[in-house]
file work-v7.txt (compact mmCIF, all heavy atoms)
# COMPACT_ATOMS: atom_id res chain seq x y z
N MET A 1 -30.08 -37.68 8.96
CA MET A 1 -30.13 -37.36 10.38
C MET A 1 -29.05 -38.16 11.10
O MET A 1 -28.79 -39.32 10.79
CB MET A 1 -31.51 -37.75 10.91
CG MET A 1 -31.74 -37.28 12.32
SD MET A 1 -33.49 -37.41 12.69
CE MET A 1 -33.41 -38.24 14.24
N ALA A 2 -28.43 -37.53 12.08
CA ALA A 2 -27.32 -38.16 12.80
C ALA A 2 -27.84 -39.19 13.79
O ALA A 2 -28.96 -39.10 14.29
CB ALA A 2 -26.53 -37.10 13.54
N VAL A 3 -26.99 -40.18 14.06
CA VAL A 3 -27.32 -41.22 15.03
C VAL A 3 -26.89 -40.75 16.40
O VAL A 3 -25.80 -40.21 16.55
CB VAL A 3 -26.59 -42.53 14.67
CG1 VAL A 3 -26.87 -43.60 15.70
CG2 VAL A 3 -27.01 -42.99 13.29
N PRO A 4 -27.72 -40.92 17.43
CA PRO A 4 -27.34 -40.50 18.77
C PRO A 4 -26.08 -41.21 19.24
O PRO A 4 -25.84 -42.37 18.89
CB PRO A 4 -28.54 -40.91 19.63
CG PRO A 4 -29.67 -41.00 18.69
CD PRO A 4 -29.10 -41.42 17.40
N PRO A 5 -25.22 -40.53 20.01
CA PRO A 5 -23.95 -41.12 20.43
C PRO A 5 -24.10 -42.42 21.20
O PRO A 5 -23.24 -43.29 21.13
CB PRO A 5 -23.33 -40.05 21.32
CG PRO A 5 -24.06 -38.80 21.05
CD PRO A 5 -25.39 -39.18 20.49
N ARG A 6 -25.15 -42.60 21.94
CA ARG A 6 -25.31 -43.79 22.77
C ARG A 6 -25.56 -45.04 21.92
O ARG A 6 -25.43 -46.15 22.39
CB ARG A 6 -26.44 -43.62 23.79
CG ARG A 6 -27.81 -43.55 23.19
CD ARG A 6 -28.88 -43.38 24.26
NE ARG A 6 -30.19 -43.39 23.68
CZ ARG A 6 -30.81 -42.33 23.17
NH1 ARG A 6 -30.21 -41.15 23.17
NH2 ARG A 6 -32.01 -42.43 22.66
N HIS A 7 -25.91 -44.87 20.65
CA HIS A 7 -26.16 -46.01 19.78
C HIS A 7 -24.89 -46.50 19.08
O HIS A 7 -24.93 -47.52 18.41
CB HIS A 7 -27.21 -45.66 18.71
CG HIS A 7 -28.59 -45.53 19.30
ND1 HIS A 7 -29.69 -45.28 18.53
CD2 HIS A 7 -29.06 -45.62 20.57
CE1 HIS A 7 -30.77 -45.22 19.29
NE2 HIS A 7 -30.39 -45.41 20.55
N THR A 8 -23.81 -45.74 19.18
CA THR A 8 -22.53 -46.14 18.58
C THR A 8 -21.63 -46.64 19.70
O THR A 8 -21.29 -45.89 20.61
CB THR A 8 -21.87 -44.95 17.87
OG1 THR A 8 -22.80 -44.41 16.93
CG2 THR A 8 -20.63 -45.38 17.15
N SER A 9 -21.23 -47.93 19.62
CA SER A 9 -20.38 -48.49 20.66
C SER A 9 -18.98 -47.88 20.60
O SER A 9 -18.55 -47.32 19.59
CB SER A 9 -20.28 -50.00 20.50
OG SER A 9 -19.58 -50.31 19.32
N LYS A 10 -18.25 -48.00 21.71
CA LYS A 10 -16.89 -47.45 21.77
C LYS A 10 -15.98 -48.14 20.76
O LYS A 10 -15.17 -47.49 20.11
CB LYS A 10 -16.32 -47.63 23.18
CG LYS A 10 -17.02 -46.79 24.22
CD LYS A 10 -16.47 -47.08 25.59
CE LYS A 10 -17.28 -46.36 26.66
NZ LYS A 10 -16.83 -46.73 28.01
N SER A 11 -16.11 -49.45 20.62
CA SER A 11 -15.24 -50.17 19.69
C SER A 11 -15.55 -49.77 18.25
O SER A 11 -14.64 -49.63 17.43
CB SER A 11 -15.38 -51.67 19.87
OG SER A 11 -16.69 -52.09 19.59
N LYS A 12 -16.81 -49.60 17.94
CA LYS A 12 -17.19 -49.20 16.58
C LYS A 12 -16.64 -47.80 16.26
O LYS A 12 -16.10 -47.56 15.18
CB LYS A 12 -18.71 -49.22 16.46
CG LYS A 12 -19.25 -48.94 15.09
CD LYS A 12 -19.17 -50.16 14.22
CE LYS A 12 -19.94 -49.95 12.95
NZ LYS A 12 -19.78 -51.06 12.04
N LYS A 13 -16.75 -46.90 17.22
CA LYS A 13 -16.25 -45.54 17.04
C LYS A 13 -14.74 -45.53 16.88
O LYS A 13 -14.20 -44.87 16.00
CB LYS A 13 -16.65 -44.69 18.25
CG LYS A 13 -16.08 -43.29 18.26
CD LYS A 13 -16.53 -42.51 19.47
CE LYS A 13 -16.00 -43.15 20.74
NZ LYS A 13 -16.35 -42.37 21.95
N ASN A 14 -14.01 -46.31 17.70
CA ASN A 14 -12.55 -46.33 17.65
C ASN A 14 -12.04 -46.99 16.37
O ASN A 14 -11.02 -46.59 15.84
CB ASN A 14 -11.99 -47.05 18.88
CG ASN A 14 -12.23 -46.25 20.15
OD1 ASN A 14 -12.42 -45.04 20.10
ND2 ASN A 14 -12.26 -46.92 21.27
N LYS A 15 -12.74 -48.00 15.86
CA LYS A 15 -12.34 -48.62 14.61
C LYS A 15 -12.49 -47.65 13.44
O LYS A 15 -11.70 -47.66 12.50
CB LYS A 15 -13.19 -49.86 14.33
CG LYS A 15 -12.82 -51.04 15.18
CD LYS A 15 -13.72 -52.22 14.88
CE LYS A 15 -13.44 -53.35 15.86
NZ LYS A 15 -14.33 -54.48 15.63
N ARG A 16 -13.49 -46.82 13.50
CA ARG A 16 -13.72 -45.85 12.44
C ARG A 16 -12.64 -44.76 12.46
O ARG A 16 -12.22 -44.27 11.42
CB ARG A 16 -15.10 -45.22 12.61
CG ARG A 16 -15.47 -44.23 11.52
CD ARG A 16 -16.85 -43.66 11.71
NE ARG A 16 -16.95 -42.83 12.89
CZ ARG A 16 -17.74 -43.09 13.95
NH1 ARG A 16 -18.48 -44.18 13.97
NH2 ARG A 16 -17.78 -42.28 14.98
N ARG A 17 -12.18 -44.41 13.64
CA ARG A 17 -11.24 -43.30 13.77
C ARG A 17 -9.78 -43.70 13.55
O ARG A 17 -8.93 -42.85 13.42
CB ARG A 17 -11.37 -42.68 15.17
CG ARG A 17 -12.67 -41.95 15.34
CD ARG A 17 -12.76 -41.33 16.71
NE ARG A 17 -13.98 -40.56 16.85
CZ ARG A 17 -14.33 -39.91 17.94
NH1 ARG A 17 -13.55 -39.96 19.01
NH2 ARG A 17 -15.44 -39.23 17.99
N THR A 18 -9.47 -44.99 13.53
CA THR A 18 -8.08 -45.40 13.41
C THR A 18 -7.57 -45.23 11.99
O THR A 18 -8.30 -45.39 11.03
CB THR A 18 -7.89 -46.84 13.88
OG1 THR A 18 -6.50 -47.13 13.89
CG2 THR A 18 -8.57 -47.82 12.96
N HIS A 19 -6.29 -44.88 11.87
CA HIS A 19 -5.66 -44.75 10.57
C HIS A 19 -4.30 -45.43 10.56
O HIS A 19 -3.46 -45.13 9.72
CB HIS A 19 -5.49 -43.27 10.19
CG HIS A 19 -6.79 -42.57 9.99
ND1 HIS A 19 -7.62 -42.80 8.92
CD2 HIS A 19 -7.44 -41.66 10.74
CE1 HIS A 19 -8.70 -42.05 9.01
NE2 HIS A 19 -8.62 -41.34 10.12
N TYR A 20 -4.05 -46.31 11.52
CA TYR A 20 -2.77 -46.99 11.60
C TYR A 20 -2.70 -48.09 10.55
O TYR A 20 -3.61 -48.88 10.38
CB TYR A 20 -2.57 -47.61 12.98
CG TYR A 20 -2.49 -46.60 14.08
CD1 TYR A 20 -3.42 -46.57 15.11
CD2 TYR A 20 -1.48 -45.65 14.08
CE1 TYR A 20 -3.35 -45.64 16.10
CE2 TYR A 20 -1.40 -44.71 15.08
CZ TYR A 20 -2.34 -44.70 16.10
OH TYR A 20 -2.25 -43.77 17.08
N LYS A 21 -1.59 -48.13 9.84
CA LYS A 21 -1.39 -49.16 8.84
C LYS A 21 0.02 -49.71 8.99
O LYS A 21 0.95 -49.00 9.35
CB LYS A 21 -1.57 -48.57 7.44
CG LYS A 21 -3.00 -48.13 7.18
CD LYS A 21 -3.12 -47.48 5.82
CE LYS A 21 -4.52 -47.06 5.51
NZ LYS A 21 -5.09 -46.15 6.45
N MET A 22 0.17 -50.99 8.70
CA MET A 22 1.48 -51.62 8.76
C MET A 22 2.24 -51.27 7.49
O MET A 22 1.71 -51.36 6.39
CB MET A 22 1.34 -53.13 8.87
CG MET A 22 0.72 -53.60 10.16
SD MET A 22 1.74 -53.24 11.57
CE MET A 22 3.08 -54.35 11.29
N THR A 23 3.49 -50.85 7.66
CA THR A 23 4.33 -50.56 6.52
C THR A 23 5.66 -51.30 6.69
O THR A 23 6.14 -51.47 7.81
CB THR A 23 4.63 -49.06 6.38
OG1 THR A 23 5.24 -48.59 7.59
CG2 THR A 23 3.35 -48.27 6.13
N ALA A 24 6.22 -51.73 5.60
CA ALA A 24 7.51 -52.42 5.65
C ALA A 24 8.61 -51.40 5.86
O ALA A 24 8.56 -50.29 5.31
CB ALA A 24 7.73 -53.17 4.35
N PRO A 25 9.63 -51.74 6.65
CA PRO A 25 10.73 -50.79 6.85
C PRO A 25 11.53 -50.61 5.56
O PRO A 25 11.68 -51.55 4.78
CB PRO A 25 11.59 -51.46 7.93
CG PRO A 25 11.24 -52.89 7.86
CD PRO A 25 9.82 -52.97 7.41
N THR A 26 12.01 -49.39 5.35
CA THR A 26 12.79 -49.12 4.15
C THR A 26 14.21 -49.63 4.38
O THR A 26 14.86 -49.28 5.36
CB THR A 26 12.82 -47.63 3.84
OG1 THR A 26 13.30 -46.93 4.99
CG2 THR A 26 11.43 -47.12 3.51
N VAL A 27 14.66 -50.45 3.48
CA VAL A 27 16.00 -51.04 3.57
C VAL A 27 16.77 -50.67 2.32
O VAL A 27 16.25 -50.78 1.21
CB VAL A 27 15.91 -52.58 3.71
CG1 VAL A 27 17.28 -53.19 3.77
CG2 VAL A 27 15.12 -52.95 4.94
N SER A 28 18.01 -50.20 2.50
CA SER A 28 18.83 -49.85 1.36
C SER A 28 20.17 -50.57 1.44
O SER A 28 20.60 -50.99 2.51
CB SER A 28 19.05 -48.34 1.31
OG SER A 28 19.71 -47.92 2.48
N PHE A 29 20.81 -50.69 0.30
CA PHE A 29 22.10 -51.37 0.24
C PHE A 29 23.21 -50.36 0.46
O PHE A 29 23.26 -49.33 -0.20
CB PHE A 29 22.27 -52.06 -1.12
CG PHE A 29 23.53 -52.86 -1.23
CD1 PHE A 29 23.65 -54.06 -0.57
CD2 PHE A 29 24.59 -52.40 -1.98
CE1 PHE A 29 24.81 -54.81 -0.67
CE2 PHE A 29 25.75 -53.13 -2.08
CZ PHE A 29 25.87 -54.34 -1.42
N ASP A 30 24.09 -50.64 1.41
CA ASP A 30 25.21 -49.76 1.72
C ASP A 30 26.42 -50.23 0.93
O ASP A 30 26.92 -51.33 1.14
CB ASP A 30 25.49 -49.79 3.22
CG ASP A 30 26.51 -48.75 3.63
OD1 ASP A 30 26.89 -47.94 2.78
OD2 ASP A 30 26.92 -48.76 4.80
N GLU A 31 26.90 -49.39 0.03
CA GLU A 31 28.03 -49.76 -0.83
C GLU A 31 29.32 -49.89 -0.04
O GLU A 31 30.19 -50.69 -0.38
CB GLU A 31 28.20 -48.69 -1.92
CG GLU A 31 26.95 -48.42 -2.72
CD GLU A 31 26.93 -49.16 -4.03
OE1 GLU A 31 27.99 -49.59 -4.45
OE2 GLU A 31 25.85 -49.29 -4.60
N THR A 32 29.48 -49.12 1.03
CA THR A 32 30.72 -49.13 1.79
C THR A 32 30.93 -50.45 2.52
O THR A 32 31.99 -51.04 2.46
CB THR A 32 30.71 -47.98 2.82
OG1 THR A 32 30.40 -46.77 2.15
CG2 THR A 32 32.06 -47.84 3.48
N THR A 33 29.90 -50.91 3.21
CA THR A 33 30.02 -52.13 4.01
C THR A 33 29.58 -53.37 3.24
O THR A 33 29.94 -54.48 3.60
CB THR A 33 29.18 -52.02 5.28
OG1 THR A 33 27.81 -51.82 4.93
CG2 THR A 33 29.65 -50.88 6.15
N GLY A 34 28.78 -53.19 2.21
CA GLY A 34 28.27 -54.33 1.44
C GLY A 34 27.09 -55.00 2.12
O GLY A 34 26.72 -56.11 1.76
N ASP A 35 26.50 -54.33 3.09
CA ASP A 35 25.35 -54.87 3.82
C ASP A 35 24.11 -54.05 3.54
O ASP A 35 24.18 -52.93 3.05
CB ASP A 35 25.61 -54.86 5.33
CG ASP A 35 26.71 -55.81 5.74
OD1 ASP A 35 26.92 -56.80 5.02
OD2 ASP A 35 27.34 -55.56 6.78
N TYR A 36 22.98 -54.61 3.90
CA TYR A 36 21.73 -53.88 3.84
C TYR A 36 21.49 -53.20 5.18
O TYR A 36 21.81 -53.75 6.23
CB TYR A 36 20.56 -54.81 3.52
CG TYR A 36 20.58 -55.32 2.11
CD1 TYR A 36 21.15 -56.54 1.79
CD2 TYR A 36 20.04 -54.56 1.08
CE1 TYR A 36 21.18 -57.01 0.49
CE2 TYR A 36 20.07 -55.01 -0.23
CZ TYR A 36 20.64 -56.23 -0.51
OH TYR A 36 20.67 -56.67 -1.80
N SER A 37 20.97 -51.98 5.15
CA SER A 37 20.72 -51.26 6.40
C SER A 37 19.47 -50.41 6.24
O SER A 37 19.05 -50.08 5.13
CB SER A 37 21.91 -50.38 6.75
OG SER A 37 22.11 -49.39 5.76
N ARG A 38 18.90 -50.04 7.37
CA ARG A 38 17.74 -49.16 7.37
C ARG A 38 18.19 -47.73 7.20
O ARG A 38 19.32 -47.37 7.54
CB ARG A 38 16.97 -49.32 8.67
CG ARG A 38 16.37 -50.72 8.80
CD ARG A 38 15.46 -50.82 9.98
NE ARG A 38 14.35 -49.89 9.83
CZ ARG A 38 13.52 -49.55 10.80
NH1 ARG A 38 13.67 -50.07 11.99
NH2 ARG A 38 12.56 -48.71 10.59
N GLY A 39 17.30 -46.89 6.70
CA GLY A 39 17.64 -45.50 6.47
C GLY A 39 17.83 -44.72 7.76
O GLY A 39 17.18 -44.99 8.77
N HIS A 40 18.75 -43.76 7.74
CA HIS A 40 19.03 -42.88 8.87
C HIS A 40 19.47 -43.63 10.12
O HIS A 40 19.19 -43.22 11.24
CB HIS A 40 17.81 -41.99 9.19
CG HIS A 40 17.33 -41.21 8.02
ND1 HIS A 40 17.95 -40.07 7.58
CD2 HIS A 40 16.29 -41.41 7.18
CE1 HIS A 40 17.32 -39.59 6.53
NE2 HIS A 40 16.31 -40.40 6.25
N ARG A 41 20.17 -44.73 9.93
CA ARG A 41 20.68 -45.52 11.06
C ARG A 41 22.15 -45.83 10.81
O ARG A 41 22.57 -46.02 9.68
CB ARG A 41 19.94 -46.85 11.20
CG ARG A 41 18.42 -46.75 11.28
CD ARG A 41 17.97 -46.63 12.70
NE ARG A 41 16.57 -46.81 13.00
CZ ARG A 41 15.54 -46.28 12.42
NH1 ARG A 41 15.68 -45.58 11.34
NH2 ARG A 41 14.32 -46.47 12.89
N VAL A 42 22.92 -45.91 11.87
CA VAL A 42 24.32 -46.30 11.76
C VAL A 42 24.36 -47.81 11.56
O VAL A 42 23.65 -48.56 12.24
CB VAL A 42 25.10 -45.90 13.03
CG1 VAL A 42 26.54 -46.36 12.96
CG2 VAL A 42 25.04 -44.39 13.22
N SER A 43 25.20 -48.28 10.63
CA SER A 43 25.29 -49.72 10.38
C SER A 43 26.01 -50.40 11.55
O SER A 43 26.61 -49.75 12.41
CB SER A 43 26.05 -49.97 9.09
OG SER A 43 27.41 -49.63 9.24
N LEU A 44 25.97 -51.72 11.54
CA LEU A 44 26.62 -52.47 12.62
C LEU A 44 28.13 -52.29 12.60
O LEU A 44 28.79 -52.45 13.63
CB LEU A 44 26.27 -53.96 12.48
CG LEU A 44 24.79 -54.29 12.68
CD1 LEU A 44 24.55 -55.76 12.40
CD2 LEU A 44 24.37 -53.95 14.10
N LYS A 45 28.69 -51.96 11.45
CA LYS A 45 30.13 -51.74 11.34
C LYS A 45 30.53 -50.30 11.64
O LYS A 45 31.70 -49.94 11.57
CB LYS A 45 30.60 -52.13 9.94
CG LYS A 45 30.40 -53.62 9.68
CD LYS A 45 30.83 -54.00 8.29
CE LYS A 45 30.58 -55.48 8.06
NZ LYS A 45 30.88 -55.87 6.69
N GLY A 46 29.56 -49.43 11.95
CA GLY A 46 29.86 -48.06 12.36
C GLY A 46 29.85 -47.03 11.25
O GLY A 46 30.36 -45.94 11.43
N TYR A 47 29.27 -47.35 10.11
CA TYR A 47 29.23 -46.42 8.98
C TYR A 47 27.86 -45.74 8.89
O TYR A 47 26.83 -46.34 9.17
CB TYR A 47 29.50 -47.14 7.67
CG TYR A 47 30.96 -47.50 7.48
CD1 TYR A 47 31.45 -48.71 7.93
CD2 TYR A 47 31.82 -46.62 6.86
CE1 TYR A 47 32.78 -49.04 7.76
CE2 TYR A 47 33.15 -46.93 6.67
CZ TYR A 47 33.63 -48.15 7.14
OH TYR A 47 34.95 -48.46 6.96
N TYR A 48 27.90 -44.46 8.50
CA TYR A 48 26.68 -43.70 8.25
C TYR A 48 26.91 -42.86 7.01
O TYR A 48 27.83 -42.04 6.98
CB TYR A 48 26.33 -42.82 9.45
CG TYR A 48 25.04 -42.05 9.27
CD1 TYR A 48 23.82 -42.67 9.35
CD2 TYR A 48 25.06 -40.68 9.00
CE1 TYR A 48 22.64 -41.97 9.19
CE2 TYR A 48 23.89 -39.98 8.84
CZ TYR A 48 22.68 -40.62 8.93
OH TYR A 48 21.51 -39.94 8.75
N LYS A 49 26.12 -43.07 5.98
CA LYS A 49 26.24 -42.36 4.69
C LYS A 49 27.64 -42.51 4.11
O LYS A 49 28.22 -41.56 3.58
CB LYS A 49 25.87 -40.89 4.84
CG LYS A 49 24.41 -40.65 5.14
CD LYS A 49 24.09 -39.17 5.06
CE LYS A 49 22.60 -38.94 5.29
NZ LYS A 49 22.27 -37.53 5.22
N GLY A 50 28.23 -43.70 4.25
CA GLY A 50 29.52 -43.96 3.65
C GLY A 50 30.72 -43.49 4.44
O GLY A 50 31.85 -43.62 4.00
N LYS A 51 30.50 -42.90 5.62
CA LYS A 51 31.60 -42.41 6.45
C LYS A 51 31.64 -43.17 7.77
O LYS A 51 30.60 -43.47 8.34
CB LYS A 51 31.44 -40.92 6.72
CG LYS A 51 31.48 -40.07 5.46
CD LYS A 51 31.28 -38.62 5.80
CE LYS A 51 31.25 -37.78 4.53
NZ LYS A 51 30.95 -36.37 4.80
N LYS A 52 32.82 -43.42 8.27
CA LYS A 52 33.00 -44.09 9.56
C LYS A 52 32.70 -43.07 10.67
O LYS A 52 33.32 -42.02 10.75
CB LYS A 52 34.44 -44.60 9.67
CG LYS A 52 34.71 -45.39 10.90
CD LYS A 52 34.23 -46.80 10.75
CE LYS A 52 34.78 -47.63 11.89
NZ LYS A 52 34.22 -48.96 11.91
N VAL A 53 31.70 -43.36 11.51
CA VAL A 53 31.31 -42.42 12.57
C VAL A 53 31.59 -42.96 13.97
O VAL A 53 31.57 -42.19 14.93
CB VAL A 53 29.82 -42.04 12.45
CG1 VAL A 53 29.58 -41.24 11.18
CG2 VAL A 53 28.94 -43.25 12.48
N THR A 54 31.86 -44.26 14.08
CA THR A 54 32.19 -44.82 15.40
C THR A 54 33.49 -45.60 15.30
O THR A 54 33.95 -45.96 14.24
CB THR A 54 31.09 -45.78 15.90
OG1 THR A 54 30.93 -46.82 14.95
CG2 THR A 54 29.78 -45.06 16.08
N LYS A 55 34.08 -45.85 16.45
CA LYS A 55 35.36 -46.56 16.48
C LYS A 55 35.15 -48.05 16.34
O LYS A 55 34.21 -48.63 16.72
CB LYS A 55 36.07 -46.28 17.79
CG LYS A 55 36.47 -44.84 17.92
CD LYS A 55 37.18 -44.61 19.23
CE LYS A 55 37.53 -43.13 19.35
NZ LYS A 55 38.15 -42.81 20.60
call {"tool": "encode", "arguments": {"input": "work-v7.txt", "output": "C-alpha cells"}}
result
Amino acid sequence: MAVPPRHTSKSKKNKRRTHYKMTAPTVSFDETTGDYSRGHRVSLKGYYKGKKVTK
C-alpha cells in the first residue's frame, strides 16, 4: 500500500528523485601543442583538433 504524500517530507522526496553525480572532466593530450586540454575546447594556444583556429 502506498504512503500518503503528506507523510513524505519535501527533502526526502527530492533526495530520492535526484540523479546528479560528480564526474571528472575528460582531459586529453594534444600532440600539436604538447599540453593537456579538455575535449571540444580550443586550447590556450589557439589550436583545435590539431589545427590553428585563432590568431
call {"tool": "closest_residue", "arguments": {"input": "work-v7.txt", "among": "A:Ser9, A:Asn14, A:Phe29, A:Thr23", "to": "Lys49 in chain A", "atoms": "only C-alpha atoms"}}
result
A:Phe29
call {"tool": "select_by_dssp", "arguments": {"input": "work-v7.txt", "residues": "chain A", "states": "strand (DSSP E)", "output": "list of chain:residue names"}}
result
A:Val27, A:Ser28, A:Phe29, A:Tyr36, A:Ser37, A:Arg38, A:Tyr47, A:Tyr48, A:Lys51, A:Lys52
call {"tool": "atom_distance", "arguments": {"input": "work-v7.txt", "atom1": "CE of Lys15 in chain A", "atom2": "NH1 of Arg38 in chain A"}}
result
27.6 Å
call {"tool": "atom_distance", "arguments": {"input": "work-v7.txt", "atom1": "CD of Arg41 in chain A", "atom2": "CE1 of His19 in chain A"}}
result
27.3 Å
call {"tool": "atom_distance", "arguments": {"input": "work-v7.txt", "atom1": "CE1 of His40 in chain A", "atom2": "CG of Lys55 in chain A"}}
result
22.9 Å
call {"tool": "residues_around", "arguments": {"input": "work-v7.txt", "residues": "Lys45 in chain A", "least_positions_apart": "5", "cutoff": "5 Å", "atoms": "all atoms listed in the file", "output": "JSON list (two decimals) with all heavy atoms, in the frame of the given file"}}
result
[["chain", "number", "residue", "atom", "x", "y", "z"],
["A", 33, "THR", "N", 29.90, -50.91, 3.21],
["A", 33, "THR", "CA", 30.02, -52.13, 4.01],
["A", 33, "THR", "C", 29.58, -53.37, 3.24],
["A", 33, "THR", "O", 29.94, -54.48, 3.60],
["A", 33, "THR", "CB", 29.18, -52.02, 5.28],
["A", 33, "THR", "OG1", 27.81, -51.82, 4.93],
["A", 33, "THR", "CG2", 29.65, -50.88, 6.15],
["A", 35, "ASP", "N", 26.50, -54.33, 3.09],
["A", 35, "ASP", "CA", 25.35, -54.87, 3.82],
["A", 35, "ASP", "C", 24.11, -54.05, 3.54],
["A", 35, "ASP", "O", 24.18, -52.93, 3.05],
["A", 35, "ASP", "CB", 25.61, -54.86, 5.33],
["A", 35, "ASP", "CG", 26.71, -55.81, 5.74],
["A", 35, "ASP", "OD1", 26.92, -56.80, 5.02],
["A", 35, "ASP", "OD2", 27.34, -55.56, 6.78],
["A", 52, "LYS", "N", 32.82, -43.42, 8.27],
["A", 52, "LYS", "CA", 33.00, -44.09, 9.56],
["A", 52, "LYS", "C", 32.70, -43.07, 10.67],
["A", 52, "LYS", "O", 33.32, -42.02, 10.75],
["A", 52, "LYS", "CB", 34.44, -44.60, 9.67],
["A", 52, "LYS", "CG", 34.71, -45.39, 10.90],
["A", 52, "LYS", "CD", 34.23, -46.80, 10.75],
["A", 52, "LYS", "CE", 34.78, -47.63, 11.89],
["A", 52, "LYS", "NZ", 34.22, -48.96, 11.91],
["A", 54, "THR", "N", 31.86, -44.26, 14.08],
["A", 54, "THR", "CA", 32.19, -44.82, 15.40],
["A", 54, "THR", "C", 33.49, -45.60, 15.30],
["A", 54, "THR", "O", 33.95, -45.96, 14.24],
["A", 54, "THR", "CB", 31.09, -45.78, 15.90],
["A", 54, "THR", "OG1", 30.93, -46.82, 14.95],
["A", 54, "THR", "CG2", 29.78, -45.06, 16.08]]
call {"tool": "select_by_dssp", "arguments": {"input": "work-v7.txt", "residues": "chain A", "states": "alpha helix (DSSP H)", "output": "NGL selection string"}}
result
:A and (10-17)
call {"tool": "residues_around", "arguments": {"input": "work-v7.txt", "residues": "Gly39 in chain A", "least_positions_apart": "3", "cutoff": "9 Å", "atoms": "only C-alpha atoms", "output": "PyMOL selection string"}}
result
chain A and resi 25-28+42
call {"tool": "write_last_selection", "arguments": {"input": "work-v7.txt", "atoms": "all heavy atoms", "output": "short mmCIF file (atom, residue, chain, number, x, y, z; two decimals), keeping the file's coordinate frame"}}
result
data_model
loop_
_atom_site.label_atom_id
_atom_site.label_comp_id
_atom_site.auth_asym_id
_atom_site.auth_seq_id
_atom_site.Cartn_x
_atom_site.Cartn_y
_atom_site.Cartn_z
N PRO A 25 9.63 -51.74 6.65
CA PRO A 25 10.73 -50.79 6.85
C PRO A 25 11.53 -50.61 5.56
O PRO A 25 11.68 -51.55 4.78
CB PRO A 25 11.59 -51.46 7.93
CG PRO A 25 11.24 -52.89 7.86
CD PRO A 25 9.82 -52.97 7.41
N THR A 26 12.01 -49.39 5.35
CA THR A 26 12.79 -49.12 4.15
C THR A 26 14.21 -49.63 4.38
O THR A 26 14.86 -49.28 5.36
CB THR A 26 12.82 -47.63 3.84
OG1 THR A 26 13.30 -46.93 4.99
CG2 THR A 26 11.43 -47.12 3.51
N VAL A 27 14.66 -50.45 3.48
CA VAL A 27 16.00 -51.04 3.57
C VAL A 27 16.77 -50.67 2.32
O VAL A 27 16.25 -50.78 1.21
CB VAL A 27 15.91 -52.58 3.71
CG1 VAL A 27 17.28 -53.19 3.77
CG2 VAL A 27 15.12 -52.95 4.94
N SER A 28 18.01 -50.20 2.50
CA SER A 28 18.83 -49.85 1.36
C SER A 28 20.17 -50.57 1.44
O SER A 28 20.60 -50.99 2.51
CB SER A 28 19.05 -48.34 1.31
OG SER A 28 19.71 -47.92 2.48
N VAL A 42 22.92 -45.91 11.87
CA VAL A 42 24.32 -46.30 11.76
C VAL A 42 24.36 -47.81 11.56
O VAL A 42 23.65 -48.56 12.24
CB VAL A 42 25.10 -45.90 13.03
CG1 VAL A 42 26.54 -46.36 12.96
CG2 VAL A 42 25.04 -44.39 13.22
#
call {"tool": "decode", "arguments": {"input": "work-v7.txt", "residues": "range 22-31 of chain A", "atoms": "N, CA, C and O atoms", "output": "PDB file, in the first residue's frame"}}
result
ATOM      1  N   MET A  22      28.849  13.580  -9.490  1.00  0.00           N
ATOM      2  CA  MET A  22      30.066  14.288  -9.852  1.00  0.00           C
ATOM      3  C   MET A  22      30.884  13.407 -10.789  1.00  0.00           C
ATOM      4  O   MET A  22      31.074  12.224 -10.531  1.00  0.00           O
ATOM      5  N   THR A  23      31.345  14.000 -11.882  1.00  0.00           N
ATOM      6  CA  THR A  23      32.200  13.277 -12.805  1.00  0.00           C
ATOM      7  C   THR A  23      33.445  14.115 -13.071  1.00  0.00           C
ATOM      8  O   THR A  23      33.382  15.341 -13.100  1.00  0.00           O
ATOM      9  N   ALA A  24      34.549  13.455 -13.268  1.00  0.00           N
ATOM     10  CA  ALA A  24      35.796  14.158 -13.573  1.00  0.00           C
ATOM     11  C   ALA A  24      35.769  14.615 -15.023  1.00  0.00           C
ATOM     12  O   ALA A  24      35.267  13.899 -15.897  1.00  0.00           O
ATOM     13  N   PRO A  25      36.296  15.806 -15.309  1.00  0.00           N
ATOM     14  CA  PRO A  25      36.321  16.264 -16.701  1.00  0.00           C
ATOM     15  C   PRO A  25      37.276  15.408 -17.529  1.00  0.00           C
ATOM     16  O   PRO A  25      38.307  14.953 -17.036  1.00  0.00           O
ATOM     17  N   THR A  26      36.905  15.197 -18.784  1.00  0.00           N
ATOM     18  CA  THR A  26      37.754  14.402 -19.664  1.00  0.00           C
ATOM     19  C   THR A  26      38.893  15.284 -20.167  1.00  0.00           C
ATOM     20  O   THR A  26      38.668  16.358 -20.703  1.00  0.00           O
ATOM     21  N   VAL A  27      40.093  14.824 -19.964  1.00  0.00           N
ATOM     22  CA  VAL A  27      41.280  15.567 -20.366  1.00  0.00           C
ATOM     23  C   VAL A  27      42.086  14.702 -21.315  1.00  0.00           C
ATOM     24  O   VAL A  27      42.296  13.520 -21.062  1.00  0.00           O
ATOM     25  N   SER A  28      42.509  15.289 -22.443  1.00  0.00           N
ATOM     26  CA  SER A  28      43.307  14.541 -23.401  1.00  0.00           C
ATOM     27  C   SER A  28      44.588  15.302 -23.708  1.00  0.00           C
ATOM     28  O   SER A  28      44.672  16.511 -23.520  1.00  0.00           O
ATOM     29  N   PHE A  29      45.572  14.582 -24.191  1.00  0.00           N
ATOM     30  CA  PHE A  29      46.859  15.180 -24.516  1.00  0.00           C
ATOM     31  C   PHE A  29      46.838  15.649 -25.958  1.00  0.00           C
ATOM     32  O   PHE A  29      46.504  14.891 -26.869  1.00  0.00           O
ATOM     33  N   ASP A  30      47.172  16.914 -26.178  1.00  0.00           N
ATOM     34  CA  ASP A  30      47.203  17.489 -27.519  1.00  0.00           C
ATOM     35  C   ASP A  30      48.623  17.375 -28.058  1.00  0.00           C
ATOM     36  O   ASP A  30      49.550  17.975 -27.523  1.00  0.00           O
ATOM     37  N   GLU A  31      48.784  16.612 -29.128  1.00  0.00           N
ATOM     38  CA  GLU A  31      50.112  16.383 -29.700  1.00  0.00           C
ATOM     39  C   GLU A  31      50.688  17.650 -30.323  1.00  0.00           C
ATOM     40  O   GLU A  31      51.898  17.853 -30.327  1.00  0.00           O
TER      41      GLU A  31
END
